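Colleague: Below is entry-v9.txt; it holds compact mmCIF, C-alpha atoms.
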```
# COMPACT_ATOMS: atom_id res chain seq x y z
CA MET A 1214 13.32 -21.45 -30.53
CA ALA A 1215 13.89 -18.37 -32.59
CA ALA A 1216 17.31 -16.80 -32.61
CA ASN A 1217 16.04 -13.37 -31.66
CA THR A 1218 15.11 -13.75 -28.00
CA TYR A 1219 15.94 -10.28 -26.73
CA LEU A 1220 13.81 -9.18 -23.83
CA GLN A 1221 13.44 -5.44 -23.34
CA VAL A 1222 13.91 -4.61 -19.68
CA THR A 1223 13.81 -0.83 -19.75
CA GLU A 1224 10.11 -0.35 -19.08
CA LEU A 1225 8.47 0.15 -15.71
CA ASP A 1226 4.76 0.37 -16.51
CA PHE A 1227 2.53 -2.66 -16.44
CA GLU A 1228 1.34 -2.39 -20.05
CA ASP A 1229 4.86 -1.82 -21.40
CA ILE A 1230 6.28 -4.74 -19.42
CA ARG A 1231 3.47 -6.96 -20.65
CA SER A 1232 4.01 -5.82 -24.20
CA ASN A 1233 7.73 -6.64 -23.94
CA LEU A 1234 6.98 -10.08 -22.60
CA LYS A 1235 4.58 -10.61 -25.50
CA SER A 1236 7.20 -9.51 -27.99
CA TYR A 1237 9.58 -11.98 -26.42
CA LEU A 1238 7.01 -14.78 -26.65
CA ALA A 1239 6.27 -13.85 -30.24
CA SER A 1240 9.82 -14.85 -31.07
CA GLN A 1241 9.11 -18.31 -29.66
CA THR A 1242 7.19 -20.94 -31.56
CA GLN A 1243 5.63 -23.02 -28.80
CA PHE A 1244 2.71 -20.77 -27.93
CA THR A 1245 0.44 -18.64 -30.02
CA ASP A 1246 -2.24 -17.52 -27.59
CA TYR A 1247 -0.67 -14.56 -25.87
CA ASP A 1248 -2.86 -12.11 -27.80
CA PHE A 1249 -6.15 -13.33 -26.35
CA GLU A 1250 -7.23 -12.09 -22.96
CA GLY A 1251 -8.92 -15.29 -21.87
CA SER A 1252 -6.01 -17.62 -22.55
CA ASN A 1253 -4.00 -19.20 -19.80
CA MET A 1254 -0.93 -17.64 -21.32
CA ALA A 1255 -2.52 -14.17 -20.95
CA VAL A 1256 -3.23 -14.87 -17.29
CA LEU A 1257 0.40 -15.88 -16.79
CA LEU A 1258 1.58 -12.80 -18.67
CA ASP A 1259 -0.55 -10.59 -16.44
CA LEU A 1260 0.92 -12.20 -13.38
CA LEU A 1261 4.49 -11.86 -14.63
CA ALA A 1262 3.95 -8.26 -15.72
CA TYR A 1263 2.31 -7.37 -12.42
CA ASN A 1264 5.13 -8.94 -10.44
CA THR A 1265 7.73 -7.17 -12.54
CA HIS A 1266 5.90 -3.86 -12.28
CA TYR A 1267 5.62 -4.30 -8.52
CA ASN A 1268 9.34 -4.99 -8.13
CA ALA A 1269 10.24 -2.15 -10.49
CA PHE A 1270 8.15 0.29 -8.50
CA TYR A 1271 9.63 -0.99 -5.25
CA GLY A 1272 13.19 -0.71 -6.60
CA ASN A 1273 12.47 2.77 -7.89
CA MET A 1274 11.16 3.92 -4.54
CA ILE A 1275 14.13 2.41 -2.69
CA ALA A 1276 16.53 4.22 -4.99
CA ASN A 1277 14.60 7.47 -4.52
CA GLU A 1278 14.65 7.21 -0.76
CA MET A 1279 18.40 6.61 -0.74
CA PHE A 1280 19.23 10.16 -1.81
CA LEU A 1281 18.46 13.45 -0.16
CA ASP A 1282 17.40 15.08 -3.42
CA THR A 1283 14.76 12.51 -4.25
CA ALA A 1284 13.66 11.10 -0.88
CA GLN A 1285 9.99 11.67 -0.22
CA GLN A 1286 9.45 10.19 3.21
CA ARG A 1287 10.45 12.29 6.18
CA ASP A 1288 12.19 9.34 7.83
CA SER A 1289 14.45 8.96 4.81
CA VAL A 1290 15.25 12.67 4.65
CA VAL A 1291 16.05 12.69 8.37
CA SER A 1292 18.29 9.66 7.98
CA ARG A 1293 20.17 11.18 5.01
CA ALA A 1294 20.52 14.47 6.91
CA LYS A 1295 22.05 12.67 9.90
CA GLU A 1296 24.81 11.36 7.65
CA LEU A 1297 25.71 14.97 6.93
CA GLY A 1298 25.73 15.88 10.62
CA TYR A 1299 22.51 17.84 10.34
CA ASN A 1300 19.93 17.44 13.04
CA THR A 1301 16.47 18.16 11.69
CA ARG A 1302 14.36 20.78 13.34
CA SER A 1303 11.46 19.53 15.37
CA ALA A 1304 7.90 20.77 15.26
CA ARG A 1305 7.51 24.03 17.14
CA GLY A 1306 4.59 25.30 19.10
CA ALA A 1307 3.20 28.70 18.15
CA THR A 1308 4.27 31.49 20.49
CA ALA A 1309 2.04 34.29 21.72
CA ASN A 1310 3.18 37.43 23.53
CA VAL A 1311 0.60 38.34 26.13
CA GLN A 1312 0.31 40.81 28.94
CA ILE A 1313 -1.16 39.28 32.06
CA THR A 1314 -2.85 41.32 34.77
CA PHE A 1315 -3.54 39.59 38.08
CA THR A 1316 -6.39 40.96 40.16
CA GLY A 1317 -7.47 40.19 43.68
CA VAL A 1318 -3.89 39.76 44.87
CA SER A 1319 -3.11 41.13 48.31
CA ASN A 1320 -1.08 44.34 48.16
CA ASN A 1321 1.15 43.04 50.95
CA ILE A 1322 2.76 40.59 48.59
CA SER A 1323 5.88 41.94 46.88
CA GLN A 1324 6.09 39.19 44.28
CA PHE A 1325 4.90 35.72 43.46
CA THR A 1326 5.82 33.02 41.03
CA LEU A 1327 3.91 31.81 38.01
CA PRO A 1328 5.14 28.21 37.65
CA LYS A 1329 6.53 26.70 34.47
CA ASN A 1330 3.90 24.98 32.31
CA SER A 1331 1.04 27.09 33.66
CA LYS A 1332 -1.80 26.55 31.22
CA PHE A 1333 -3.69 29.14 29.22
CA THR A 1334 -6.53 28.15 26.93
CA THR A 1335 -8.29 29.95 24.14
CA THR A 1336 -10.88 29.05 21.54
CA ILE A 1337 -10.78 30.36 17.98
CA ASP A 1338 -13.43 29.27 15.49
CA ASP A 1339 -14.59 26.56 17.89
CA ILE A 1340 -11.11 25.08 18.09
CA ALA A 1341 -9.51 24.99 21.53
CA TYR A 1342 -5.81 25.81 21.85
CA THR A 1343 -3.66 25.26 24.91
CA PHE A 1344 -0.65 27.44 25.65
CA VAL A 1345 1.81 27.08 28.49
CA THR A 1346 4.54 29.17 30.07
CA PRO A 1347 7.82 27.69 28.89
CA GLU A 1348 9.68 29.07 31.92
CA GLU A 1349 8.90 30.00 35.48
CA GLN A 1350 7.88 33.68 35.74
CA THR A 1351 8.20 36.06 38.67
CA ILE A 1352 5.40 38.60 38.94
CA ARG A 1353 6.34 41.65 40.97
CA ASN A 1354 4.15 44.15 42.76
CA GLY A 1355 4.27 47.45 40.88
CA SER A 1356 2.28 50.06 42.77
CA ASN A 1357 -0.26 47.45 43.87
CA THR A 1358 -0.71 46.09 40.38
CA PHE A 1359 0.60 42.77 39.16
CA VAL A 1360 1.19 42.98 35.43
CA LYS A 1361 3.74 41.25 33.25
CA SER A 1362 4.30 40.66 29.56
CA ILE A 1363 5.33 37.10 28.86
CA SER A 1364 5.61 34.67 25.97
CA ILE A 1365 3.53 31.54 26.05
CA THR A 1366 3.94 28.56 23.75
CA GLU A 1367 1.28 26.30 22.31
CA GLY A 1368 1.45 22.68 23.40
CA GLU A 1369 0.65 20.15 26.03
CA PRO A 1370 3.33 19.45 28.66
CA LEU A 1371 4.04 15.73 29.02
CA THR A 1372 6.31 13.71 31.27
CA GLN A 1373 7.95 10.49 30.22
CA ARG A 1374 9.86 8.27 32.66
CA PHE A 1375 12.55 5.76 31.71
CA THR A 1376 14.65 3.48 33.84
CA VAL A 1377 18.29 4.35 33.31
CA ASN A 1378 19.95 1.85 31.03
CA THR A 1379 23.67 1.30 31.45
CA ASN A 1380 24.19 0.19 27.86
CA ASN A 1381 26.40 2.45 25.83
CA PRO A 1382 25.24 4.05 23.64
CA VAL A 1383 21.70 4.08 24.90
CA ARG A 1384 18.70 5.85 23.53
CA TYR A 1385 15.38 6.69 25.04
CA VAL A 1386 12.62 7.08 22.49
CA LEU A 1387 9.94 9.60 23.37
CA PRO A 1388 6.79 7.96 22.06
CA ASN A 1389 5.01 11.19 21.12
CA LYS A 1390 5.07 12.73 17.68
CA ASN A 1391 5.71 16.41 16.99
CA ILE A 1392 7.58 17.20 20.19
CA ASP A 1393 9.00 20.71 20.38
CA THR A 1394 12.55 19.68 21.27
CA ARG A 1395 13.32 23.17 22.61
CA SER A 1396 11.06 22.37 25.53
CA ILE A 1397 12.71 19.10 26.57
CA THR A 1398 14.17 18.96 30.06
CA VAL A 1399 15.98 15.90 31.38
CA VAL A 1400 16.26 15.12 35.07
CA VAL A 1401 17.91 11.95 36.37
CA GLN A 1402 16.91 10.65 39.76
CA GLU A 1403 19.54 8.77 41.79
CA SER A 1404 17.40 5.73 42.57
CA ALA A 1405 13.86 4.70 43.37
CA SER A 1406 14.45 5.42 47.06
CA ASN A 1407 16.88 8.34 46.71
CA LEU A 1408 14.98 11.29 45.30
CA ALA A 1409 18.10 13.41 44.72
CA ASN A 1410 18.31 14.30 41.08
CA THR A 1411 20.56 15.90 38.49
CA ALA A 1412 19.38 18.18 35.72
CA TYR A 1413 20.92 17.32 32.36
CA THR A 1414 21.47 19.88 29.65
CA ARG A 1415 21.39 19.47 25.92
CA ALA A 1416 24.90 19.10 24.49
CA THR A 1417 25.66 21.60 21.77
CA ASN A 1418 29.46 21.53 21.69
CA ILE A 1419 31.19 18.17 21.79
CA ARG A 1420 34.48 19.76 22.87
CA ALA A 1421 32.88 20.98 26.08
CA VAL A 1422 31.70 17.51 27.03
CA THR A 1423 33.58 15.00 29.16
CA SER A 1424 32.70 11.43 30.05
CA THR A 1425 30.95 12.61 33.21
CA SER A 1426 29.16 15.67 31.84
CA PRO A 1427 25.44 15.61 32.59
CA VAL A 1428 24.37 16.12 29.00
CA TYR A 1429 21.91 14.58 26.59
CA TYR A 1430 21.64 14.55 22.82
CA VAL A 1431 18.48 14.78 20.75
CA GLN A 1432 17.94 13.15 17.38
CA GLU A 1433 14.81 12.49 15.40
CA CYS A 1434 14.23 8.81 14.80
CA ALA A 1435 11.49 6.98 12.93
CA ASP A 1436 7.91 8.23 12.68
CA VAL A 1437 8.71 11.82 13.74
CA GLN A 1438 9.59 10.63 17.24
CA MET B 1192 -7.53 -36.93 -45.42
CA ALA B 1193 -7.97 -39.58 -42.73
CA GLY B 1194 -5.28 -39.51 -40.08
CA ALA B 1195 -3.90 -36.19 -41.27
CA LYS B 1196 -2.39 -34.15 -38.48
CA GLU B 1197 -4.46 -31.06 -37.68
CA LYS B 1198 -2.60 -27.81 -38.19
CA VAL B 1199 -1.97 -26.02 -34.93
CA VAL B 1200 -3.34 -22.51 -35.25
CA PHE B 1201 -3.89 -21.72 -31.59
CA SER B 1202 -1.97 -23.23 -28.71
CA ASP B 1203 -1.97 -22.48 -25.05
CA LEU B 1204 -0.70 -23.84 -21.77
CA ASP B 1205 -2.94 -26.34 -20.07
CA SER B 1206 -4.31 -24.82 -16.90
CA LEU B 1207 -3.63 -27.99 -14.92
CA PHE B 1208 0.12 -27.65 -15.51
CA ILE B 1209 0.60 -31.39 -15.64
CA PRO B 1210 3.75 -32.46 -17.47
CA ASN B 1211 3.65 -35.11 -20.14
CA PRO B 1212 4.84 -38.31 -18.40
CA ILE B 1213 7.10 -39.23 -21.30
CA THR B 1214 8.49 -35.98 -22.63
CA ARG B 1215 8.33 -34.14 -19.29
CA GLN B 1216 7.08 -31.11 -21.19
CA LEU B 1217 4.10 -29.09 -20.03
CA SER B 1218 1.06 -30.20 -21.95
CA ARG B 1219 -0.57 -27.79 -24.40
CA ASN B 1220 -4.11 -27.19 -25.52
CA THR B 1221 -4.45 -26.55 -29.19
CA ASN B 1222 -7.08 -25.08 -31.53
CA ARG B 1223 -10.65 -25.78 -30.26
CA GLU B 1224 -9.44 -26.86 -26.81
CA ALA B 1225 -7.35 -23.71 -26.45
CA VAL B 1226 -10.31 -21.50 -27.34
CA LYS B 1227 -12.61 -23.50 -25.08
CA GLU B 1228 -10.25 -23.02 -22.17
CA SER B 1229 -10.05 -19.32 -22.94
CA VAL B 1230 -13.85 -18.98 -22.95
CA ARG B 1231 -14.04 -20.86 -19.66
CA ASN B 1232 -11.46 -18.48 -18.15
CA LEU B 1233 -13.40 -15.44 -19.29
CA ILE B 1234 -16.67 -16.76 -17.85
CA LEU B 1235 -15.07 -17.49 -14.50
CA THR B 1236 -13.20 -14.17 -14.25
CA ASN B 1237 -14.64 -11.47 -12.02
CA TYR B 1238 -14.38 -7.78 -12.71
CA PHE B 1239 -11.27 -6.25 -11.11
CA GLU B 1240 -9.67 -9.67 -10.88
CA ARG B 1241 -7.04 -9.06 -13.53
CA PRO B 1242 -4.45 -6.42 -12.61
CA PHE B 1243 -4.86 -3.12 -14.49
CA LYS B 1244 -7.70 -4.60 -16.56
CA SER B 1245 -10.71 -4.20 -14.36
CA ASP B 1246 -13.30 -4.64 -17.11
CA ILE B 1247 -12.30 -8.15 -18.18
CA GLY B 1248 -14.71 -10.80 -16.93
CA CYS B 1249 -18.40 -11.00 -16.18
CA SER B 1250 -18.59 -11.58 -12.40
CA ILE B 1251 -20.98 -14.43 -13.05
CA ARG B 1252 -20.66 -15.82 -9.54
CA TYR B 1253 -22.23 -12.68 -8.11
CA TYR B 1254 -25.51 -13.67 -9.75
CA LEU B 1255 -25.63 -16.78 -7.56
CA PHE B 1256 -26.76 -14.50 -4.77
CA GLU B 1257 -29.62 -13.00 -6.78
CA LEU B 1258 -33.20 -14.21 -6.78
CA TRP B 1259 -33.50 -17.01 -9.33
CA ASN B 1260 -35.94 -15.88 -11.99
CA GLN B 1261 -36.08 -15.36 -15.71
CA ALA B 1262 -34.57 -11.89 -15.47
CA THR B 1263 -31.49 -13.13 -13.59
CA LYS B 1264 -31.08 -15.97 -16.04
CA GLN B 1265 -31.28 -13.59 -18.99
CA THR B 1266 -28.82 -11.18 -17.38
CA MET B 1267 -26.35 -14.01 -16.85
CA GLU B 1268 -26.68 -15.13 -20.44
CA ASN B 1269 -26.17 -11.59 -21.69
CA ALA B 1270 -23.11 -11.12 -19.47
CA ILE B 1271 -21.57 -14.29 -20.87
CA ARG B 1272 -22.31 -13.31 -24.45
CA GLU B 1273 -20.82 -9.86 -23.85
CA VAL B 1274 -17.57 -11.04 -22.33
CA ILE B 1275 -16.98 -13.56 -25.11
CA SER B 1276 -17.86 -11.02 -27.75
CA ASN B 1277 -15.50 -8.43 -26.22
CA TYR B 1278 -12.49 -10.55 -25.36
CA GLU B 1279 -12.54 -13.74 -27.41
CA PRO B 1280 -12.53 -12.82 -31.09
CA ARG B 1281 -11.78 -16.43 -32.04
CA ALA B 1282 -15.17 -17.65 -30.78
CA GLU B 1283 -18.54 -16.94 -32.34
CA VAL B 1284 -21.32 -17.65 -29.87
CA ILE B 1285 -24.13 -19.82 -31.18
CA ASP B 1286 -26.12 -20.06 -27.97
CA VAL B 1287 -25.83 -19.62 -24.23
CA LEU B 1288 -27.99 -21.56 -21.83
CA VAL B 1289 -28.12 -20.98 -18.10
CA GLU B 1290 -29.97 -23.66 -16.14
CA ASP B 1291 -30.91 -24.08 -12.55
CA ASN B 1292 -29.41 -27.22 -11.06
CA SER B 1293 -31.02 -27.05 -7.66
CA GLU B 1294 -30.29 -30.69 -6.74
CA LEU B 1295 -26.63 -29.77 -6.70
CA ASN B 1296 -27.19 -26.23 -5.43
CA ALA B 1297 -25.55 -25.09 -8.61
CA VAL B 1298 -26.15 -23.31 -11.87
CA THR B 1299 -25.09 -24.96 -15.11
CA VAL B 1300 -23.88 -22.75 -17.92
CA THR B 1301 -23.71 -24.23 -21.39
CA VAL B 1302 -22.10 -22.24 -24.15
CA ALA B 1303 -22.20 -23.37 -27.75
CA PHE B 1304 -19.81 -21.57 -30.02
CA SER B 1305 -17.82 -22.08 -33.14
CA VAL B 1306 -14.17 -21.31 -33.57
CA ARG B 1307 -13.40 -19.02 -36.48
CA ASN B 1308 -12.43 -20.95 -39.59
CA ASP B 1309 -13.71 -24.19 -38.07
CA ILE B 1310 -17.12 -25.55 -38.89
CA ASN B 1311 -17.43 -27.87 -35.89
CA PRO B 1312 -19.28 -26.31 -32.97
CA VAL B 1313 -17.81 -26.51 -29.48
CA ILE B 1314 -19.92 -27.12 -26.39
CA LEU B 1315 -18.62 -25.81 -23.09
CA ASN B 1316 -20.23 -26.70 -19.77
CA VAL B 1317 -19.40 -24.74 -16.66
CA ILE B 1318 -20.95 -25.56 -13.30
CA LEU B 1319 -21.20 -22.66 -10.91
CA GLU B 1320 -21.61 -23.58 -7.28
CA ARG B 1321 -21.04 -21.95 -3.98
CA VAL B 1322 -17.54 -22.20 -2.62
CA ARG B 1323 -18.46 -22.43 1.06
```
Spit out the file's structure as structure tokens when you get a sec.
Modeller:
Amino acid sequence: MAANTYLQVTELDFEDIRSNLKSYLASQTQFTDYDFEGSNMAVLLDLLAYNTHYNAFYGNMIANEMFLDTAQQRDSVVSRAKELGYNTRSARGATANVQITFTGVSNNISQFTLPKNSKFTTTIDDIAYTFVTPEEQTIRNGSNTFVKSISITEGEPLTQRFTVNTNNPVRYVLPNKNIDTRSITVVVQESASNLANTAYTRATNIRAVTSTSPVYYVQECADVQ
Amino acid sequence: MAGAKEKVVFSDLDSLFIPNPITRQLSRNTNREAVKESVRNLILTNYFERPFKSDIGCSIRYYLFELWNQATKQTMENAIREVISNYEPRAEVIDVLVEDNSELNAVTVTVAFSVRNDINPVILNVILERVR
């Protein structure tokens, strides 16, 4: 075996890795067929170079994803941001300000309620969009006309039910992607037979929370959920 | 000179990877055998089989699914000549013969070539048959 058996390990590309392996073999005396594509040695070199390239790429990507500056996947960025106490913003539905005029309403009525999540649909360029009222709205009778300007938000209201888990901490993963977290409401029912329920609010200040406060926290987890 | 040891110009690993029972070293192919093995590898390599080198090979097995006629036979022979000419500079093809071996449901490929700087021709036989 030749004395000079240095193996360059600084390359990441397939061809460069293969070339380094060849240079290494050239310093050996046992084999002399690494230059010919059909040789068994060339097949082995390809395999080694491919494996090394694969691991190098994998290692490079892992290192990239470990830092906020270089992470490319959203999950990695979200995870790094959590370490800094930053909660990433969720997707947000587009908001439209509209004026609604109700006709055919009896003049005897002084006011009525437009429920939360009332749907409005529109079609633009053959694409249908659904908007909903994010809050309940009260429409009042103004000289026998029922008109109100409101904001409606794009999106589809969904309900997800979980059985309360007494583990601590516990997390409930909403299985839908791109939820507008501003629209989340949490209501906890006492039991299957007792329909009494408690509305939970989103905690924003940890100093205002006690062990019995009806609050919930929101964090993005994997796959934009 | 009779009994003189042949100088090893080309050497390669044996594809069977069987160690020598005495020395426990992997056996090697040398000179003509090394080139013969290399030519066999090239003939049996399909395009896109080798990573990052999609054009190495001749995809000879794909022709097994073609109609068997003179044109297919000629195309196979040309493909074999081309791959050897492109990727095995040590071999100079003398002749390529592709024969139907219908009793065995196979095609027999015979390649006669000479190794550079060696006057003795080498005959390589490769039998191509379906794998399932």
Colleague: Could you please tell me, as a PyMOL selection string, which residues of chain B have an atom within 7 Å of chain A when using all atoms listed in the file?
Modeller: chain B and resi 1201-1204+1206+1228-1230+1232-1233+1242+1278-1279
Colleague: Could you check which of A:Asp1393, A:Lys1361, A:Val1399, A:Gln1324 is closest to A:Gln1373, using only C-alpha atoms?
Modeller: A:Val1399
Colleague: Could you work out how far atom CA of A:Leu1258 lies from atom CA of B:Ile1213, giving the answer in Å with one decimal?
Modeller: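 Answer for the atom CA of B:Ile1213 to atom CA of A:Leu1258 separation: 27.1 Å.
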Colleague: So how many Å separate atom CA of A:Phe1344 and atom CA of A:Ala1309, to one decimal?
Modeller: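 Atom CA of A:Phe1344 sits 8.3 Å away from atom CA of A:Ala1309.
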Colleague: Around (8.5, 36.3, 36.9) in the file's frame, which residues reach within 12 Å when counting only C-alpha atoms? Return as a count of residues only?
Modeller: 23
Colleague: Fewer than 2 positions away in the same chain doesn't count, so skip those; otherwise give me all residues within 12 Å of A:Arg1415, counting all atoms listed in the file, as number ranges by chain.
Modeller: A: 1394-1400, 1412-1413, 1417-1419, 1421-1422, 1426-1432
Colleague: So the first atom is atom CA of B:Asn1308 and the second is atom CA of B:Leu1235; what is the distance between them in Å, to one decimal place?
Modeller: 25.5 Å
Colleague: May I ask which of the residues B:Val1274, B:Leu1258, B:Val1199, B:Leu1288 is the closest one to B:Val1300, counting only C-alpha atoms?
Modeller: B:Leu1288
Colleague: Can you report as AutoDock Vina command-line options the centre and edge lengths in Å, to one decimal, of an axis-aligned box around the listed atoms of stretch 1268-1273 of chain A padded with 5 Å on each side?
Modeller:
```
--center_x 10.7 --center_y -1.1 --center_z -7.9 --size_x 15.0 --size_y 17.8 --size_z 15.2
```
Colleague: Please tell me which residues are no farther than 8 Å from (7.1, 11.7, 6.5) in the file, counting all atoms listed in the file, and write them as a count of residues only.
Modeller: 6
Colleague: Please provide the set of residues having any atom within 8 Å of A:Gly1306, restricted to all atoms listed in the file, with same-chain residues fewer than 4 positions apart removed, written as a ChimeraX atom specification.
Modeller: /A:1366-1368,1393
Colleague: Find, counting only C-alpha atoms, the residue in B:Arg1231, B:Lys1244, B:Lys1264, B:Arg1307 that gets nearest to B:Ala1282.
Modeller: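 Selected residue with least distance to B:Ala1282: B:Arg1307.
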Colleague: Tell me, as a list in words, which residues lie within 7 Å of stretch 1289-1298 of chain B, counting only C-alpha atoms; anything in the same chain fewer than 4 positions away does not count.
Modeller: Lys1264, Glu1268, Ile1318, Leu1319 and Glu1320 of chain B
Colleague: Tell me which of B:Val1287, B:Phe1304, B:Ile1275, B:Val1200 sits closest to B:Thr1236, counting all atoms listed in the file.
Modeller: B:Ile1275
Colleague: For A:Thr1376, find every residue with an atom within 10 Å (counting only C-alpha atoms), except residues of its own chain fewer than 5 positions away, and show them as a PyMOL selection string.
Modeller: chain A and resi 1385+1401-1402+1404-1405
Colleague: Kindly save the residues from that selection, with C-alpha atoms included, as a PDB file, in the frame of the given file.
Modeller:
```
ATOM      1  CA  TYR A1385      15.380   6.690  25.040  1.00  0.00           C
ATOM      2  CA  VAL A1401      17.910  11.950  36.370  1.00  0.00           C
ATOM      3  CA  GLN A1402      16.910  10.650  39.760  1.00  0.00           C
ATOM      4  CA  SER A1404      17.400   5.730  42.570  1.00  0.00           C
ATOM      5  CA  ALA A1405      13.860   4.700  43.370  1.00  0.00           C
TER       6      ALA A1405
END
```
